[in-house]
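Have a look at coords_25.tsv below; it lists TSV, C-alpha atoms and all ligand atoms.
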chain	number	residue	atom	x	y	z
A	15	MET	CA	-13.98	-11.50	7.41
A	16	LYS	CA	-13.41	-8.21	9.22
A	17	HIS	CA	-11.30	-5.40	7.86
A	18	TYR	CA	-11.76	-2.01	9.46
A	19	SER	CA	-11.22	0.66	6.77
A	20	VAL	CA	-8.93	3.37	8.08
A	21	MET	CA	-10.18	7.00	7.68
A	22	LEU	CA	-13.12	5.81	5.57
A	23	ASN	CA	-15.24	8.98	5.94
A	24	GLU	CA	-12.28	11.23	5.26
A	25	VAL	CA	-11.40	9.35	2.05
A	26	ILE	CA	-14.97	9.28	0.72
A	27	GLU	CA	-15.35	12.99	1.43
A	28	ALA	CA	-11.98	13.65	-0.24
A	29	LEU	CA	-13.14	12.09	-3.51
A	30	ASN	CA	-16.05	14.53	-4.04
A	31	ILE	CA	-17.95	11.68	-5.71
A	32	LYS	CA	-20.16	12.57	-8.70
A	33	SER	CA	-22.85	9.97	-9.41
A	34	ASP	CA	-21.79	9.75	-13.08
A	35	GLY	CA	-18.02	9.78	-12.47
A	36	ILE	CA	-15.41	7.08	-12.97
A	37	TYR	CA	-13.50	6.06	-9.84
A	38	VAL	CA	-10.60	3.71	-9.24
A	39	ASP	CA	-10.08	1.93	-5.95
A	40	ALA	CA	-6.50	0.75	-6.53
A	41	THR	CA	-6.50	-1.28	-3.30
A	42	LEU	CA	-9.91	-2.95	-3.13
A	43	GLY	CA	-9.06	-5.15	-0.13
A	44	TYR	CA	-12.27	-6.13	1.64
A	45	ALA	CA	-14.31	-3.49	-0.27
A	46	GLY	CA	-14.80	-1.17	2.71
A	47	MET	CA	-14.12	1.87	0.54
A	48	SER	CA	-15.33	0.48	-2.80
A	49	LYS	CA	-18.69	-0.27	-1.20
A	50	GLU	CA	-19.14	3.36	-0.21
A	51	ILE	CA	-18.12	4.61	-3.67
A	52	LEU	CA	-20.48	2.20	-5.44
A	53	LYS	CA	-23.41	3.28	-3.24
A	54	ARG	CA	-22.91	6.84	-4.47
A	55	LEU	CA	-22.78	6.00	-8.20
A	56	ASP	CA	-25.73	6.13	-10.56
A	57	LYS	CA	-24.44	6.22	-14.14
A	58	GLY	CA	-20.81	6.17	-13.03
A	59	LEU	CA	-18.29	3.31	-12.87
A	60	LEU	CA	-16.06	1.88	-10.16
A	61	ILE	CA	-12.85	0.11	-11.17
A	62	ALA	CA	-11.55	-1.89	-8.22
A	63	ILE	CA	-8.05	-3.38	-8.32
A	64	ASP	CA	-6.32	-5.85	-6.00
A	65	GLU	CA	-3.50	-8.28	-6.56
A	66	ASP	CA	-4.78	-10.59	-3.84
A	67	LEU	CA	-7.23	-13.16	-5.17
A	68	ASP	CA	-8.74	-13.89	-1.74
A	69	ALA	CA	-9.63	-10.22	-1.30
A	70	ILE	CA	-11.17	-10.14	-4.79
A	71	LYS	CA	-13.30	-13.24	-4.23
A	72	TYR	CA	-14.69	-11.82	-1.00
A	73	SER	CA	-15.32	-8.35	-2.41
A	74	GLU	CA	-17.07	-9.60	-5.55
A	75	ASN	CA	-19.90	-10.81	-3.30
A	76	VAL	CA	-20.06	-7.57	-1.35
A	77	LEU	CA	-20.19	-5.35	-4.43
A	78	GLN	CA	-22.71	-7.36	-6.42
A	79	ASN	CA	-25.21	-6.84	-3.61
A	80	ILE	CA	-24.96	-3.08	-4.05
A	81	GLY	CA	-25.05	-2.47	-7.80
A	82	GLY	CA	-23.74	-3.49	-11.19
A	83	ASN	CA	-21.56	-0.59	-12.28
A	84	TYR	CA	-18.18	-1.91	-11.24
A	85	LYS	CA	-15.29	-3.86	-12.72
A	86	ILE	CA	-12.96	-5.86	-10.50
A	87	ILE	CA	-9.43	-6.34	-11.77
A	88	ASN	CA	-6.94	-8.82	-10.30
A	89	ASP	CA	-3.65	-7.05	-10.99
A	90	ASN	CA	-0.96	-4.89	-9.45
A	91	PHE	CA	-1.99	-1.23	-9.41
A	92	VAL	CA	1.34	-0.37	-11.01
A	93	ASN	CA	-0.37	-1.48	-14.27
A	94	LEU	CA	-3.05	1.23	-13.91
A	95	LYS	CA	-2.47	2.66	-17.38
A	96	GLU	CA	-2.81	-0.74	-19.11
A	97	ILE	CA	-5.86	-1.56	-17.00
A	98	LEU	CA	-7.62	1.66	-18.06
A	99	ASN	CA	-6.55	1.21	-21.70
A	100	LYS	CA	-8.10	-2.26	-21.79
A	101	LEU	CA	-11.37	-0.78	-20.55
A	102	ASN	CA	-11.14	2.00	-23.18
A	103	ILE	CA	-10.98	4.60	-20.43
A	104	THR	CA	-8.56	7.50	-20.74
A	105	LYS	CA	-9.40	9.65	-17.71
A	106	VAL	CA	-11.02	9.09	-14.34
A	107	ASP	CA	-12.47	11.33	-11.62
A	108	GLY	CA	-10.87	9.89	-8.54
A	109	ILE	CA	-8.36	7.29	-7.37
A	110	ILE	CA	-7.81	5.78	-3.92
A	111	PHE	CA	-4.67	4.08	-2.67
A	112	ASP	CA	-5.16	2.57	0.80
A	113	LEU	CA	-1.73	1.01	0.99
A	114	GLY	CA	-0.27	-2.00	2.69
A	115	PHE	CA	-2.21	-5.06	3.71
A	116	SER	CA	-5.62	-5.81	5.15
A	117	SER	CA	-6.37	-7.41	8.51
A	118	PRO	CA	-7.55	-10.73	6.97
A	119	GLN	CA	-4.22	-11.04	5.11
A	120	ILE	CA	-2.41	-10.78	8.42
A	121	ASP	CA	-4.85	-13.00	10.29
A	122	GLU	CA	-4.81	-15.70	7.61
A	123	ASP	CA	-2.29	-18.08	9.14
A	124	GLN	CA	-1.10	-19.59	5.87
A	125	ARG	CA	0.20	-16.39	4.26
A	126	GLY	CA	3.23	-15.93	6.49
A	127	PHE	CA	2.62	-12.21	7.19
A	128	SER	CA	2.22	-12.71	10.92
A	129	PHE	CA	5.10	-13.19	13.34
A	130	MET	CA	2.63	-14.60	15.86
A	131	SER	CA	1.50	-17.76	14.12
A	132	ASP	CA	3.55	-20.45	12.46
A	133	ALA	CA	3.42	-20.61	8.66
A	134	VAL	CA	5.74	-20.91	5.68
A	135	LEU	CA	7.60	-17.62	5.23
A	136	ASP	CA	5.70	-16.37	2.20
A	137	MET	CA	4.28	-12.79	2.43
A	138	ARG	CA	3.39	-12.52	-1.27
A	139	MET	CA	0.23	-10.47	-1.78
A	140	ASN	CA	0.08	-11.92	-5.29
A	141	LEU	CA	0.67	-15.65	-5.14
A	142	ASN	CA	1.77	-15.66	-8.81
A	143	ASN	CA	4.86	-13.64	-7.93
A	144	LYS	CA	8.03	-15.69	-7.84
A	145	VAL	CA	9.95	-14.34	-4.85
A	146	SER	CA	8.72	-15.04	-1.32
A	147	ALA	CA	10.12	-14.01	2.07
A	148	LYS	CA	11.63	-17.49	2.37
A	149	ASP	CA	13.67	-16.91	-0.82
A	150	ILE	CA	14.87	-13.58	0.51
A	151	VAL	CA	16.04	-14.78	3.95
A	152	ASN	CA	17.75	-17.81	2.42
A	153	THR	CA	19.46	-16.16	-0.57
A	154	TYR	CA	20.12	-12.44	0.02
A	155	SER	CA	23.64	-11.56	1.15
A	156	ASP	CA	24.30	-10.44	4.71
A	157	GLU	CA	24.70	-6.82	3.51
A	158	LYS	CA	21.52	-6.87	1.45
A	159	LEU	CA	19.47	-8.25	4.36
A	160	TRP	CA	20.98	-5.66	6.69
A	161	ASP	CA	20.13	-2.92	4.20
A	162	ILE	CA	16.45	-3.85	3.82
A	163	PHE	CA	15.99	-4.42	7.57
A	164	PHE	CA	17.52	-1.03	8.29
A	165	LYS	CA	15.80	0.89	5.47
A	166	TYR	CA	12.34	-0.67	5.49
A	167	GLY	CA	12.18	-1.81	9.11
A	168	GLU	CA	14.18	1.02	10.69
A	169	GLU	CA	15.55	-1.62	13.07
A	170	LYS	CA	18.66	-0.54	15.02
A	171	LEU	CA	20.02	-4.06	15.41
A	172	SER	CA	19.65	-4.97	11.72
A	173	LYS	CA	23.30	-5.89	11.43
A	174	VAL	CA	23.31	-8.54	14.19
A	175	ILE	CA	20.01	-9.92	12.96
A	176	SER	CA	21.19	-10.34	9.37
A	177	LYS	CA	24.39	-11.99	10.63
A	178	GLU	CA	22.41	-14.46	12.73
A	179	ILE	CA	20.17	-15.28	9.74
A	180	VAL	CA	23.18	-16.02	7.55
A	181	ASN	CA	24.67	-18.26	10.30
A	182	ALA	CA	21.41	-20.11	10.87
A	183	ARG	CA	20.80	-20.84	7.19
A	184	LYS	CA	24.26	-22.44	6.87
A	185	ILE	CA	22.96	-25.17	9.16
A	186	LYS	CA	19.42	-25.45	7.80
A	187	GLU	CA	17.20	-23.55	5.37
A	188	ILE	CA	14.91	-21.11	7.21
A	189	GLU	CA	11.38	-22.14	6.36
A	190	THR	CA	8.81	-20.79	8.76
A	191	THR	CA	7.77	-17.55	10.43
A	192	LEU	CA	8.43	-18.85	13.94
A	193	GLU	CA	11.89	-20.15	12.98
A	194	LEU	CA	12.72	-16.62	11.87
A	195	VAL	CA	11.29	-15.14	15.07
A	196	GLU	CA	13.54	-17.46	17.12
A	197	ILE	CA	16.60	-16.43	15.07
A	198	ILE	CA	15.78	-12.76	15.65
A	199	LYS	CA	15.37	-13.41	19.41
A	200	LYS	CA	18.71	-15.23	19.54
A	201	ALA	CA	20.43	-12.38	17.67
A	202	VAL	CA	19.23	-9.53	19.88
A	203	GLY	CA	18.81	-11.29	23.25
A	204	ALA	CA	15.56	-11.81	25.17
A	205	ASN	CA	15.71	-8.47	26.96
A	206	TYR	CA	15.76	-6.36	23.79
A	207	PHE	CA	13.39	-8.77	22.02
A	208	TYR	CA	10.59	-8.46	24.59
A	209	LYS	CA	11.09	-4.71	25.06
A	210	GLN	CA	11.55	-3.57	21.45
A	211	HIS	CA	9.83	-6.27	19.36
A	212	PRO	CA	12.31	-6.21	16.47
A	213	GLU	CA	10.39	-9.07	14.80
A	214	ARG	CA	7.62	-6.59	13.91
A	215	LYS	CA	10.09	-4.41	12.04
A	216	ILE	CA	11.88	-7.30	10.35
A	217	PHE	CA	8.58	-8.78	9.14
A	218	GLN	CA	7.49	-5.37	7.87
A	219	ALA	CA	10.78	-4.96	5.99
A	220	LEU	CA	10.44	-8.39	4.39
A	221	ARG	CA	6.84	-7.68	3.34
A	222	ILE	CA	7.88	-4.40	1.70
A	223	GLU	CA	10.75	-6.13	-0.12
A	224	VAL	CA	8.71	-9.18	-1.22
A	225	ASN	CA	5.96	-7.04	-2.71
A	226	LYS	CA	8.26	-4.25	-3.97
A	227	GLU	CA	5.85	-1.89	-2.23
A	228	LEU	CA	7.92	1.29	-2.46
A	229	GLU	CA	8.94	0.80	-6.10
A	230	VAL	CA	5.36	0.28	-7.30
A	231	LEU	CA	4.14	3.29	-5.34
A	232	GLU	CA	6.82	5.53	-6.82
A	233	LYS	CA	5.96	4.32	-10.33
A	234	VAL	CA	2.16	4.55	-10.09
A	235	LEU	CA	1.78	8.08	-8.70
A	236	PRO	CA	2.73	9.95	-11.91
A	237	ILE	CA	0.55	7.53	-13.90
A	238	ALA	CA	-2.36	8.19	-11.54
A	239	ILE	CA	-1.90	11.98	-11.80
A	240	ASP	CA	-1.88	11.77	-15.62
A	241	SER	CA	-5.05	9.64	-15.56
A	242	LEU	CA	-7.15	12.28	-13.79
A	243	ASN	CA	-9.79	14.51	-15.35
A	244	LYS	CA	-9.69	18.18	-14.38
A	245	ASN	CA	-10.85	18.47	-10.73
A	246	GLY	CA	-10.30	14.73	-10.33
A	247	ARG	CA	-8.78	13.73	-7.01
A	248	ILE	CA	-6.32	11.21	-5.57
A	249	ALA	CA	-6.44	10.12	-1.92
A	250	VAL	CA	-3.54	8.09	-0.54
A	251	ILE	CA	-3.33	6.49	2.90
A	252	THR	CA	0.17	5.44	3.90
A	253	PHE	CA	1.22	3.38	6.93
A	254	HIS	CA	4.99	3.77	6.79
A	255	SER	CA	7.20	6.86	6.87
A	256	LEU	CA	9.03	5.83	3.68
A	257	GLU	CA	5.72	5.50	1.82
A	258	ASP	CA	4.59	8.90	3.05
A	259	LYS	CA	7.91	10.43	2.02
A	260	ILE	CA	7.41	9.18	-1.56
A	261	VAL	CA	3.82	10.44	-1.73
A	262	LYS	CA	4.71	13.81	-0.20
A	263	LYS	CA	7.56	14.40	-2.66
A	264	LYS	CA	5.66	13.31	-5.79
A	265	PHE	CA	2.70	15.49	-4.84
A	266	LYS	CA	4.92	18.47	-3.99
A	267	ASP	CA	6.92	18.19	-7.25
A	268	ASN	CA	3.74	18.06	-9.33
A	269	SER	CA	2.11	20.99	-7.52
A	270	GLU	CA	4.93	23.47	-8.13
A	271	ILE	CA	6.38	25.16	-11.21
A	272	ASP	CA	9.55	23.40	-12.33
A	273	GLU	CA	12.64	25.23	-10.91
A	274	MET	CA	14.22	25.30	-14.38
A	275	VAL	CA	11.55	27.59	-15.81
A	276	LYS	CA	10.58	29.62	-12.73
A	277	GLY	CA	10.65	33.34	-13.59
A	278	LEU	CA	10.23	32.90	-17.37
A	279	PRO	CA	7.58	35.28	-18.78
A	280	ASN	CA	5.86	32.48	-20.75
A	281	ILE	CA	6.09	29.12	-19.08
A	282	PRO	CA	5.50	26.16	-21.44
A	283	LYS	CA	2.40	24.19	-20.50
A	284	GLU	CA	4.31	21.00	-19.69
A	285	TYR	CA	6.18	22.81	-16.89
A	286	LEU	CA	3.08	24.20	-15.17
A	287	PRO	CA	1.82	22.47	-11.99
A	288	LYS	CA	-0.50	19.56	-12.73
A	289	ILE	CA	-2.13	19.35	-9.34
A	290	LYS	CA	-2.93	21.31	-6.21
A	291	LEU	CA	-2.56	19.96	-2.69
A	292	ILE	CA	-5.89	19.75	-0.86
A	293	ASN	CA	-4.08	19.40	2.47
A	294	LYS	CA	-0.52	20.63	3.00
A	295	LYS	CA	-0.08	18.53	6.15
A	296	PRO	CA	-1.30	14.92	6.11
A	297	ILE	CA	-4.68	14.19	7.69
A	298	LEU	CA	-4.40	11.86	10.68
A	299	PRO	CA	-7.04	9.54	12.18
A	300	SER	CA	-9.36	11.08	14.79
A	301	THR	CA	-8.81	10.31	18.48
A	302	LYS	CA	-11.90	8.09	18.37
A	303	GLU	CA	-10.52	6.07	15.46
A	304	LEU	CA	-7.11	5.77	17.12
A	305	GLU	CA	-8.83	4.32	20.18
A	306	GLU	CA	-10.96	1.91	18.15
A	307	ASN	CA	-8.43	0.57	15.63
A	308	SER	CA	-4.78	0.03	16.47
A	309	ARG	CA	-3.99	-0.41	12.74
A	310	SER	CA	-4.81	3.26	12.19
A	311	HIS	CA	-1.94	4.48	14.37
A	312	SER	CA	0.63	5.11	11.68
A	313	ALA	CA	-1.89	6.16	9.00
A	314	LYS	CA	-1.53	9.42	7.05
A	315	LEU	CA	-3.91	10.66	4.37
A	316	ARG	CA	-2.81	13.00	1.56
A	317	ILE	CA	-5.20	14.38	-1.06
A	318	ILE	CA	-4.56	16.22	-4.33
A	319	GLU	CA	-6.72	17.64	-7.12
A	320	ARG	CA	-5.89	17.80	-10.83
A	321	ILE	CA	-5.91	21.36	-12.20
A	401	LIG	C1	-5.27	-1.78	3.41
A	401	LIG	S1	-5.93	-2.94	2.30
A	401	LIG	C2	-7.24	-2.08	1.55
A	401	LIG	C3	-8.48	-2.08	2.35
A	401	LIG	C4	-9.66	-1.48	1.63
A	401	LIG	N1	-9.47	-0.08	1.35
A	401	LIG	C5	-10.92	-1.66	2.47
A	401	LIG	O1	-11.46	-0.67	2.96
A	401	LIG	O2	-11.37	-2.82	2.60
A	401	LIG	C6	-4.77	-2.96	1.00
A	401	LIG	C7	-5.12	-3.90	-0.12
A	401	LIG	O3	-4.35	-3.50	-1.23
A	401	LIG	C8	-3.80	-4.61	-1.87
A	401	LIG	N2	-2.56	-4.14	-2.48
A	401	LIG	C9	-1.47	-3.66	-1.86
A	401	LIG	N3	-0.55	-3.31	-2.76
A	401	LIG	C10	-1.10	-3.55	-3.99
A	401	LIG	C11	-0.63	-3.37	-5.32
A	401	LIG	N4	0.59	-2.89	-5.57
A	401	LIG	N5	-1.45	-3.71	-6.34
A	401	LIG	C12	-2.70	-4.21	-6.09
A	401	LIG	N6	-3.17	-4.41	-4.85
A	401	LIG	C13	-2.39	-4.08	-3.81
A	401	LIG	C14	-3.60	-5.65	-0.79
A	401	LIG	O4	-3.65	-6.94	-1.35
A	401	LIG	C15	-4.78	-5.35	0.14
A	401	LIG	O5	-5.88	-6.17	-0.16

Would you mind writing the file's structure down as structure tokens?
Amino acid sequence: MKHYSVMLNEVIEALNIKSDGIYVDATLGYAGMSKEILKRLDKGLLIAIDEDLDAIKYSENVLQNIGGNYKIINDNFVNLKEILNKLNITKVDGIIFDLGFSSPQIDEDQRGFSFMSDAVLDMRMNLNNKVSAKDIVNTYSDEKLWDIFFKYGEEKLSKVISKEIVNARKIKEIETTLELVEIIKKAVGANYFYKQHPERKIFQALRIEVNKELEVLEKVLPIAIDSLNKNGRIAVITFHSLEDKIVKKKFKDNSEIDEMVKGLPNIPKEYLPKIKLINKKPILPSTKELEENSRSHSAKLRIIERI
């Protein structure tokens, strides 16, 4: 199972790992990053979270060959606070979010993430979740489909595509990935389809909606900041401009004095900045990495430190 960890060295360096520290890998995936953290721990602890059971099963094997000081948790990272509470941990020294999906999730034909192979339209990272991509394309209104395709997929022809979906499902429920690809092709015409590949954007939008990816990111960042020890760090890799926008804003807001109290002689502690930005501009993959891994193309890394 091959997953190439994007900006691995940059993330590990960003964490400033102490051998007795507590670190959270909120997106364990195929353990590419967790493995490197665990190697650097002596008395410390790694808490590795993923909502995908396949990823967890694979990574359990990888990590147990390195050392014993880790806990793997099958949950959504939005529950970070509850996860730490259960382990009787109040503060940690570093947290990684390497967002999105891993290559095996995409390559695994049965999950419905790929627009290139036929499968039931699923796209749930956590198979216990109720709503799948199939539910969305068959039940959302025309306007709601248009909205998510436009917002999360940034697809210009979202309106004609959502209309075509609504027409198609009147005749027959849309069940598979390739049925959806055909509907998209019919909506936009072959010329646009082969030039612009709107199916990529529509599948991305559905994945974001199915897994509520932007909502959970927005919720977890303040929780993550509040879970850090002094000098503890967070490293986030995003793959989508909307994700990066959320991370950038949350980090900026928490690194500046609240506008309401700016200029006061004695600023109450709760209004002081909680973090400092380690990099003002996002770190991008090196030219070498861009050449070697096409998945790294849209990646951006932001790092902060608790003060
Ligand atoms: C890009 S991969 C991580 C790859 C990993 N860093 C590595 O080097 O192998 C993202 C992983 O995060 C998981 N994931 C995404 N969103 C999640 C969430 N909200 N809660 C828990 N896991 C999530 C996915 O299931 C996937 O396995």

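The interatomic distance for the pair CA of Ile103 in chain A and CA of Lys57 in chain A works out to 14.9 Å.
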
field: CA of Met274 in chain A to CA of Ile321 in chain A, distance in Å rounded to a single decimal
entry: 20.6 Å

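Reported to one decimal place, the separation of CA of Pro118 in chain A from CA of Pro236 in chain A is 29.8 Å.
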
What are the nearest atom pairs, with distances in Å to one decimal, for all residues of chain A that come at most 8 Å from ligand LIG 401 (chain A), using only C-alpha atoms and all ligand atoms, set out by chain and rising residue number as a tab-separated table?
residue	atom	partner	partner_atom	distance
A:His17	CA	A:LIG401	O2	5.9
A:Tyr18	CA	A:LIG401	O1	6.6
A:Ser19	CA	A:LIG401	O1	4.0
A:Val20	CA	A:LIG401	O1	7.0
A:Leu22	CA	A:LIG401	O1	7.2
A:Asp39	CA	A:LIG401	N1	7.6
A:Ala40	CA	A:LIG401	C12	6.3
A:Thr41	CA	A:LIG401	O3	3.7
A:Leu42	CA	A:LIG401	C4	5.0
A:Gly43	CA	A:LIG401	O5	3.3
A:Tyr44	CA	A:LIG401	O2	3.6
A:Ala45	CA	A:LIG401	O2	4.2
A:Gly46	CA	A:LIG401	O1	3.4
A:Met47	CA	A:LIG401	O1	4.4
A:Ser48	CA	A:LIG401	O1	7.0
A:Ile63	CA	A:LIG401	C12	5.9
A:Asp64	CA	A:LIG401	N6	3.6
A:Glu65	CA	A:LIG401	C12	4.2
A:Asp66	CA	A:LIG401	O4	4.6
A:Ala69	CA	A:LIG401	O5	5.6
A:Asn88	CA	A:LIG401	C12	7.5
A:Asp89	CA	A:LIG401	C12	5.7
A:Asn90	CA	A:LIG401	N5	3.4
A:Phe91	CA	A:LIG401	N5	4.0
A:Val92	CA	A:LIG401	N4	6.0
A:Phe111	CA	A:LIG401	N1	7.5
A:Asp112	CA	A:LIG401	C1	5.1
A:Leu113	CA	A:LIG401	C6	5.0
A:Gly114	CA	A:LIG401	C6	4.9
A:Phe115	CA	A:LIG401	C6	4.3
A:Ser116	CA	A:LIG401	S1	4.1
A:Ser117	CA	A:LIG401	S1	7.7
A:Gln119	CA	A:LIG401	O5	7.4
A:Met139	CA	A:LIG401	O4	5.3
A:Asn140	CA	A:LIG401	O4	7.4
A:Asn225	CA	A:LIG401	N4	7.4
A:Lys226	CA	A:LIG401	N4	8.0
A:Glu227	CA	A:LIG401	N4	6.3
A:Val230	CA	A:LIG401	N4	6.0
A:Leu231	CA	A:LIG401	N4	7.1

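Using all atoms listed in the file, the nearest neighbour of Phe217 in chain A within the list A:Tyr72, A:Tyr285, A:Phe253, A:Phe163 is A:Phe163.
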
Sorted by chain and rising residue number, which residues of range 153-233 of chain A lie within 10 Å of range 258-266 of chain A, and what are their closest atom pairs and distances in Å to one decimal, counting only C-alpha atoms, as CSV?
residue,atom,partner,partner_atom,distance
A:Leu228,CA,A:Ile260,CA,8.0
A:Glu229,CA,A:Ile260,CA,9.7
A:Leu231,CA,A:Ile260,CA,7.7
A:Glu232,CA,A:Ile260,CA,6.4

What does the file look like for those residues with C-alpha atoms, as a tab-separated table (two decimals), in the coordinates of the input?
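The file below, result13.tsv, is the result:
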chain	number	residue	atom	x	y	z
A	228	LEU	CA	7.92	1.29	-2.46
A	229	GLU	CA	8.94	0.80	-6.10
A	231	LEU	CA	4.14	3.29	-5.34
A	232	GLU	CA	6.82	5.53	-6.82

field: Top pick for closest residue to Asn93 in chain A, considering A:Lys233, A:His211, A:Lys148, A:Lys295 and counting only C-alpha atoms
entry: A:Lys233

message: From the options A:Asn102, A:Ser269, A:Asn23, A:Ser308, which residue's atoms come nearest to Lys294 in chain A, counting all atoms listed in the file?
response: A:Ser269
